[in-house]
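This report concerns only the one structure given below.
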Amino acid sequence: MKKVFYILASVFAVGISMLFLLSSCDKKIYFALQNFMDRREPKVPLVLASFSDSDFEKTGFSVPSKEELSEAVLVAQELGAAGFGYDFGSKIPAEDIDSLVVKSSANLPKEKSLFSIKLVFPSKNGTKIDHKTPQLPSQILASEKCFSRHLVYLKDGKYFAEPGFSAILDFLGVKKIEISDSEIELAGFADSKIASPVKIPRAPDGSVLLKYPADSWKSFCSVPFSSFAELGMLEENLHKYLNVMSSRGLFCDLNSENPLDVYNSALLAKKSGDKNQYFSLKKKFYMLMRAFLGGKQEKALSDSTTDENERATIKNSFSTCRVIFSEVETLRTKLSEPLSGSFCVFALVSESAADFVPSPFDSKFPAPLLSYVLANMIFSGDFIRALPFVFQILIALFACLSFAFLALKIRKTPVLVGLSVFWILLFASVLVFLAVYFRIFAGFCIPLASLLILSLVLNFSHFRENEKKLIEVSQSFSQVIHGGVLKKIMSHPFDFVLDGEKSSVSLLSLSIRNISVLRAILSGNQFVAFLNHYFDAAAECVLKSNGIVESYRDDEVIAVFGAPEHCENHGLLALEAALAIKKQIKSINEDIKILPNSPKPDGMNDDLFTAFFILSNNGVKIIADVGVWGGESFLACMGSESKKSFRIADGSWKNAIALKDSAKKYDAAGIMLNGDARDSVRDEYIIRKLGADSEDISESVYEVLDSFSSDDDKIFNYANFWNQAVALLEKGENEKSLAMFVKLSEGRPGDRSARYFINYLNGSKTKE
């Protein structure tokens with residue numbers, strides 16, 4: 001039945017989490033994680049061809065024309081760029097990718113909702129949102145570097161890709177696209193630049209969460225757009241000067257092709273749109289130019305004339321050409337290094353461009369760069385993939401059921417609380433580990449909230465169950481048992497208590513030495529009332545030290561320490577209880593003196609008050625003997641099925657009584673100990689030996705004088721001197737022993753035990 005309850009509680013916890021924890025909570029965590037993750041380096045070089053403020057200054061604050069942009073792209077391709085994309089606003093037409101989409105089970109946005117996209121970006125202080133631009137399908141979080149973008153949409157039943165996304169598809173040579181509500185999967189790459197497939201997770205609204213890879217676009221691998229225009233102007237100047245050199249006849253009698261003719265052929269190929277031919281001829285041109293300017297042609301021309309002016313003209317022409325060509329080559333080399341094998345994104349990244357584009361700009365996060373950010377995430381595998389909602393439910397169920405299974409085996413409530421905290425932290429760590437190392441977001445709210453709810457339910461149920469058992473166990477005993485001991489009994493199987501077990505314990509024995517006087521002067525009711533008062537005081541001391549009152553035999557009280565739950569310090573606990581009982585007896589004797597002269601206390605039994613009055617008038621003082629016996633004892637729960645008593649099932653209780661009764665023999669006022677009890681407390685208390693084996697008790701008897709915490713060194717010295725006297729007695733050196741006991745008696749005249757040994761050694765048969 002309990003197992004069924006725990007399973008239902010697990011299902012209940014998950015259900016409650018599903019009802020009250022909205023997906024928006026996990027979405028915020030998902031956005032925060034995406035923003036928190038460190039950027040991974042892309043496996044394909046990524047270059048930003050940025051059109052910034054400096055470019056605007058050079059171009060007279062005008063956005064590059066379509067022709068200028070095409071020219072820059074051509075230069076980038078010639079210098080080694082493997083692919084390119086544009087981020088110049090939304091005027092670039094989307095690309096038809098219907099032939100690539102092989103499977104789709106997703107709700108895709110329609111044409112209208114995507115063709116009018118205007119993004120909302122953080123303001124310059126990063127804390128507020130610019131509300132001037134309407135927020136449509138794409139979103140951006142205030143003070144965060146994340147925003148979302150629709151990459152694929154439908155138009156007239158066909159699939160189209162966002163321009164920046166389509167450029168990436170072309171670059172990778174994607175042959176197959178599968179679209180679902182949770183992700184867009186790209187597969188069948190023509191080129192193995194990055195691992196295939198690439199899975200791009202989609203947000204609940206169908207968009208893709210994107211993240212800027214740095215705090216500012218200036219941290220990107222950036223090439224100024226003006227560099228492409230500058231290279232074009234330098235090449236144009238070089239071309240013009242080559243025409244000048246040609247008109248001067250400086251290309252005659254060449255041993256190789258004329259570089260100017262090759263360059264002109266390249267321009268024709270460019271005009272016809274034959275890019276491959278153009279790139280090939282340009283490469284050949286630069287090779288020929290290096291040979292042309294190598295010095296052989298210049299020397300041959302100089303040697304062919306004797307006119308010094310003509311020689312100077314040749315020399316100056318070649319020198320000027322070398323300078324122009326050197327500038328061209330230097331800039332080409334500078335641009336080739338980052339562009340070689342890269343994916344180049346051309347974008348506006350200036351606040352000054354706000355007047356020329358439909359989206360607002362920010363110094364750190366300019367509105368374009370969508371293609372750059374998307375390419376960075378695809379090439380680096382930087383997406384966090386969110387598992388479908390059903391998987392979050394399954395993870396939550398697994399976490400709860402596994403916790404419930406472990407909770408079934410736990411008896412102690414504190415252990416269950418500890419397990420609850422550990423299990424929640426463990427699953428939180430696992431979920432974070434999945435997100436950080438595997439980029440898998442399995443949801444946080446439902447699994448962790450389900451565990452929290454389940455732990456509260458099971459801990460409360462466990463607490464109530466233990467409280468109920470505690471009451472049942474306490475009611476099953478005929479004697480009062482300390483709550484701490486009851487809890488210890490419940491934390492372990494109870495069978496050993498029912499069957500009985502032999503264990504090392506300490507037994508406390510207590511009785512009134514002058515009980516016969518009480519019987520003689522008190523009536524039956526008065527005697528019972530006073531004895532119960534005495535029993536209550538003794539039982540309170542026993543319970544405070546985690547002991548169990550085993551039985552009341554006439555005026556005898558027997559208590560057990562160290563069972564049914566064993567503890568190593570049971571000897572100290574028993575002695576602490578014995579000392580507390582001695583204080584209670586002293587308090588009772590003070591009440592015997594004071595109470596008869598005062599009004600009867602509220603709630604006091606009439607027979608008890610009368611008993612105090614009679615004892616006071618007769619000058620009776622209660623003398624109690626206490627003994628603590630340590631050793632092995634057989635204990636068990638004995639009694640009827642409905643009511644049991646925790647009892648000593650062998651004769652060890654008789655040893656405790658005999659030990660306690662030896663106080664009367666030695667006329668001792670302290671607490672009696674046997675050897676085992678003495679060994680367990682000797683480091684804490686000052687103890688003296690009273691006697692060796694005798695007919696009454698089969699082991700040595702010791703008495704507690706004081707604790708080592710006492711500042712009175714006289715007691716410590718007295719105990720040492722006493723033990724030396726007893727040692728001489730045991731060796732048979734009676735005269736030396738007698739002399740020492742006489743000195744001990746003179747030092748402490750009130751020590752009746754010293755007088756006992758003096759009389760014993762003098763051969764006296766009676767005590768004073």
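Within each chain, counting starts at residue 1; across the structure tokens, chains are named A, B, ... in the order shown, with ligands numbered 1 upward in that order.
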If we count only C-alpha atoms and set the cut-off at 12 Å, which residues sit around segment 242-246 of chain A, ignoring sequence neighbours fewer than 6 positions away in its own chain? Please answer as a list in words.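 Surrounding residues, per the criterion: Glu235, Glu236, Cys252, Asp253, Leu254, Asn258, Pro259, Leu260, Asp261, Val262, Tyr263, Asn264, Phe285, Met289, Phe292, Leu293, Glu298, Thr313, Ile314, Lys315, Asn316, Ser317, Phe318, Ser319, Thr320, Cys321, Arg322, Ile324 and Phe325 of chain A.
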Go through A:Asp676, A:Glu501, A:Asp55, A:Glu178 and flag the residue nearest Ser227 of chain A, using only C-alpha atoms for the distances.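 Among the listed residues, A:Asp55 lies closest to Ser227 of chain A.
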Please identify all polymer residues within 10 Å of Ala537 of chain A, counting only C-alpha atoms, omitting same-chain residues fewer than 2 positions from it, and present them as a PyMOL selection string. chain A and resi 531-535+539-542+580-581+583-585+587-588
Using the selection just defined, write its residues with C-alpha atoms as a PDB file, in the first residue's frame.
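File again.pdb, as written:
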ATOM      1  CA  LEU A 531       6.915   6.639  47.616  1.00  0.00           C
ATOM      2  CA  ASN A 532       5.302   7.705  44.309  1.00  0.00           C
ATOM      3  CA  HIS A 533       6.728  11.198  44.785  1.00  0.00           C
ATOM      4  CA  TYR A 534      10.148   9.631  45.297  1.00  0.00           C
ATOM      5  CA  PHE A 535       9.668   7.377  42.243  1.00  0.00           C
ATOM      6  CA  ALA A 539      12.282   8.395  36.974  1.00  0.00           C
ATOM      7  CA  GLU A 540      12.686  11.994  35.760  1.00  0.00           C
ATOM      8  CA  CYS A 541      16.460  11.764  36.303  1.00  0.00           C
ATOM      9  CA  VAL A 542      16.623   8.415  34.496  1.00  0.00           C
ATOM     10  CA  ALA A 580      20.942  13.745  39.660  1.00  0.00           C
ATOM     11  CA  ILE A 581      18.958  11.357  41.900  1.00  0.00           C
ATOM     12  CA  LYS A 583      20.418  15.909  44.265  1.00  0.00           C
ATOM     13  CA  GLN A 584      16.698  15.093  44.120  1.00  0.00           C
ATOM     14  CA  ILE A 585      16.921  13.205  47.448  1.00  0.00           C
ATOM     15  CA  SER A 587      15.825  18.432  47.620  1.00  0.00           C
ATOM     16  CA  ILE A 588      13.217  16.057  49.145  1.00  0.00           C
TER      17      ILE A 588
END
Assign secondary structure with DSSP using the backbone only, and return the residues of segment 560-688 of chain A in alpha helix (DSSP H) as a ChimeraX atom specification. /A:570-594,606-617,652-665,675-681
Just the number, please: distance in Å from atom CA of Val44 of chain A to atom CA of Gly341 of chain A, one decimal.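 Separating atom CA of Val44 of chain A from atom CA of Gly341 of chain A is a distance of 7.6 Å.
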Taking 2 positions as the minimum chain separation for residues in the same chain, which residues sit within 10 Å of Leu595 of chain A when counting only C-alpha atoms? Answer as a VMD selection string. chain A and resid 588 590 to 593 597 to 601 609 to 610 612 to 613 616
Find the residues near segment 548-564 of chain A: any atom within 6 Å, counting only C-alpha atoms, skip ones fewer than 5 places away on the same chain, and give them as a list in words.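 Neighbouring residues, sequence-local ones excluded: Ile481, Val505, Ser506, Leu507, Leu508, Ser509, Leu510, Ser511, His570 and Arg647 of chain A.
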If you keep all heavy atoms, can you produce a file of those selected residues as a compact mmCIF listing (two decimals), in the first residue's frame?
# COMPACT_ATOMS: atom_id res chain seq x y z
N ILE A 481 9.14 5.54 28.54
CA ILE A 481 10.42 5.46 27.83
C ILE A 481 10.68 6.82 27.19
O ILE A 481 9.79 7.43 26.60
CB ILE A 481 10.40 4.36 26.76
CG1 ILE A 481 10.23 2.99 27.44
CG2 ILE A 481 11.68 4.37 25.93
CD1 ILE A 481 10.20 1.84 26.48
N VAL A 505 25.48 -3.27 29.10
CA VAL A 505 24.65 -2.18 29.59
C VAL A 505 25.15 -1.72 30.95
O VAL A 505 26.09 -2.30 31.53
CB VAL A 505 23.17 -2.62 29.72
CG1 VAL A 505 22.58 -2.96 28.36
CG2 VAL A 505 23.04 -3.80 30.67
N SER A 506 24.52 -0.67 31.45
CA SER A 506 24.73 -0.22 32.83
C SER A 506 23.38 -0.24 33.52
O SER A 506 22.39 0.26 32.97
CB SER A 506 25.32 1.19 32.85
OG SER A 506 26.64 1.20 32.37
N LEU A 507 23.35 -0.84 34.71
CA LEU A 507 22.11 -0.93 35.50
C LEU A 507 22.24 -0.03 36.72
O LEU A 507 23.24 -0.08 37.44
CB LEU A 507 21.84 -2.36 35.93
CG LEU A 507 21.78 -3.42 34.82
CD1 LEU A 507 21.47 -4.78 35.42
CD2 LEU A 507 20.72 -3.06 33.79
N LEU A 508 21.23 0.80 36.93
CA LEU A 508 21.20 1.67 38.11
C LEU A 508 20.24 1.07 39.13
O LEU A 508 19.09 0.75 38.79
CB LEU A 508 20.77 3.07 37.70
CG LEU A 508 20.73 4.14 38.79
CD1 LEU A 508 21.07 5.51 38.21
CD2 LEU A 508 19.36 4.22 39.48
N SER A 509 20.70 0.92 40.35
CA SER A 509 19.86 0.40 41.43
C SER A 509 19.75 1.46 42.51
O SER A 509 20.75 2.08 42.91
CB SER A 509 20.47 -0.88 42.01
OG SER A 509 19.71 -1.34 43.09
N LEU A 510 18.51 1.71 42.99
CA LEU A 510 18.24 2.75 43.97
C LEU A 510 17.25 2.24 45.02
O LEU A 510 16.28 1.57 44.67
CB LEU A 510 17.66 3.99 43.25
CG LEU A 510 16.99 5.06 44.10
CD1 LEU A 510 18.04 5.79 44.94
CD2 LEU A 510 16.24 6.05 43.21
N SER A 511 17.51 2.54 46.28
CA SER A 511 16.55 2.19 47.34
C SER A 511 16.74 3.13 48.52
O SER A 511 17.77 3.82 48.64
CB SER A 511 16.75 0.74 47.79
OG SER A 511 17.99 0.59 48.46
N HIS A 570 27.12 4.53 27.93
CA HIS A 570 26.01 4.23 28.84
C HIS A 570 26.42 4.31 30.30
O HIS A 570 25.62 4.63 31.18
CB HIS A 570 25.40 2.87 28.51
CG HIS A 570 26.37 1.73 28.51
ND1 HIS A 570 26.84 1.14 29.65
CD2 HIS A 570 26.96 1.08 27.46
CE1 HIS A 570 27.67 0.16 29.34
NE2 HIS A 570 27.77 0.11 28.00
N ARG A 647 12.30 -5.55 30.02
CA ARG A 647 12.76 -6.14 31.28
C ARG A 647 14.14 -6.78 31.15
O ARG A 647 14.60 -7.13 30.07
CB ARG A 647 11.78 -7.24 31.74
CG ARG A 647 10.35 -6.78 31.96
CD ARG A 647 10.27 -5.72 33.05
NE ARG A 647 10.76 -6.22 34.31
CZ ARG A 647 9.99 -6.88 35.21
NH1 ARG A 647 8.71 -7.10 34.94
NH2 ARG A 647 10.51 -7.31 36.34
Can you tell me, as an NGL selection string, what residues are no more than 10 Å from Ile393 of chain A when counting only C-alpha atoms, ignoring any on the same chain fewer than 6 positions away? :A and (14-15 or 17-18 or 399 or 442-443 or 446-447 or 450)
I need the chosen residues saved as a PDB file, in the first residue's frame, with C-alpha atoms.
ATOM      1  CA  VAL A  14       4.626  15.868 -11.916  1.00  0.00           C
ATOM      2  CA  GLY A  15       0.992  16.710 -12.687  1.00  0.00           C
ATOM      3  CA  SER A  17       4.219  20.966 -11.890  1.00  0.00           C
ATOM      4  CA  MET A  18       2.702  20.701 -15.377  1.00  0.00           C
ATOM      5  CA  ALA A 399      13.500  11.596 -11.115  1.00  0.00           C
ATOM      6  CA  ALA A 442      15.961  19.144 -20.866  1.00  0.00           C
ATOM      7  CA  GLY A 443      13.919  21.696 -18.941  1.00  0.00           C
ATOM      8  CA  ILE A 446       9.044  20.637 -14.253  1.00  0.00           C
ATOM      9  CA  PRO A 447      11.707  18.071 -13.165  1.00  0.00           C
ATOM     10  CA  SER A 450       8.211  17.881  -9.292  1.00  0.00           C
TER      11      SER A 450
END
Determine which residues of segment 138-378 of chain A receive a DSSP assignment of strand (DSSP E), computed from the backbone, and state them as an NGL selection string. :A and (146-149 or 152-155 or 158-161 or 176-179 or 183-187 or 198-201 or 208-211 or 222-224 or 343-348)
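Going from atom CA of Lys654 of chain A to atom CA of Ala677 of chain A covers 15.7 Å.
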Spatial neighbours of segment 403-412 of chain A, 6 Å, only C-alpha atoms, chain gap at least 2 places, as a list of chain:residue names: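 Answer for this query is A:Tyr6, A:Cys400, A:Leu401, A:Pro414, A:Val415, A:Ser491.
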Restrict the selected residues to N, CA and C atoms and save them as a compact mmCIF listing (two decimals), in the first residue's frame.
# COMPACT_ATOMS: atom_id res chain seq x y z
N TYR A 6 3.43 6.01 -2.83
CA TYR A 6 4.63 6.72 -3.28
C TYR A 6 4.61 6.91 -4.80
N CYS A 400 11.32 11.49 -10.04
CA CYS A 400 10.41 11.30 -8.90
C CYS A 400 10.29 9.84 -8.50
N LEU A 401 10.15 8.96 -9.48
CA LEU A 401 9.99 7.54 -9.16
C LEU A 401 11.26 6.96 -8.54
N PRO A 414 15.35 12.55 9.27
CA PRO A 414 16.49 13.40 8.87
C PRO A 414 17.23 12.85 7.65
N VAL A 415 17.32 11.52 7.55
CA VAL A 415 18.00 10.92 6.39
C VAL A 415 17.19 11.19 5.12
N SER A 491 14.00 3.39 14.53
CA SER A 491 14.92 3.50 13.39
C SER A 491 15.57 2.18 13.04
Could you work out how far atom CA of Leu451 of chain A lies from atom CA of Phe12 of chain A, giving the answer in Å with one decimal?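 We find that atom CA of Phe12 of chain A and atom CA of Leu451 of chain A lie 10.8 Å from each other.
If you measure from each of A:Gly164, A:Gly232, A:Pro338, A:Gly732 to Gly80 of chain A using only C-alpha atoms, the closest one turns out to be A:Pro338.
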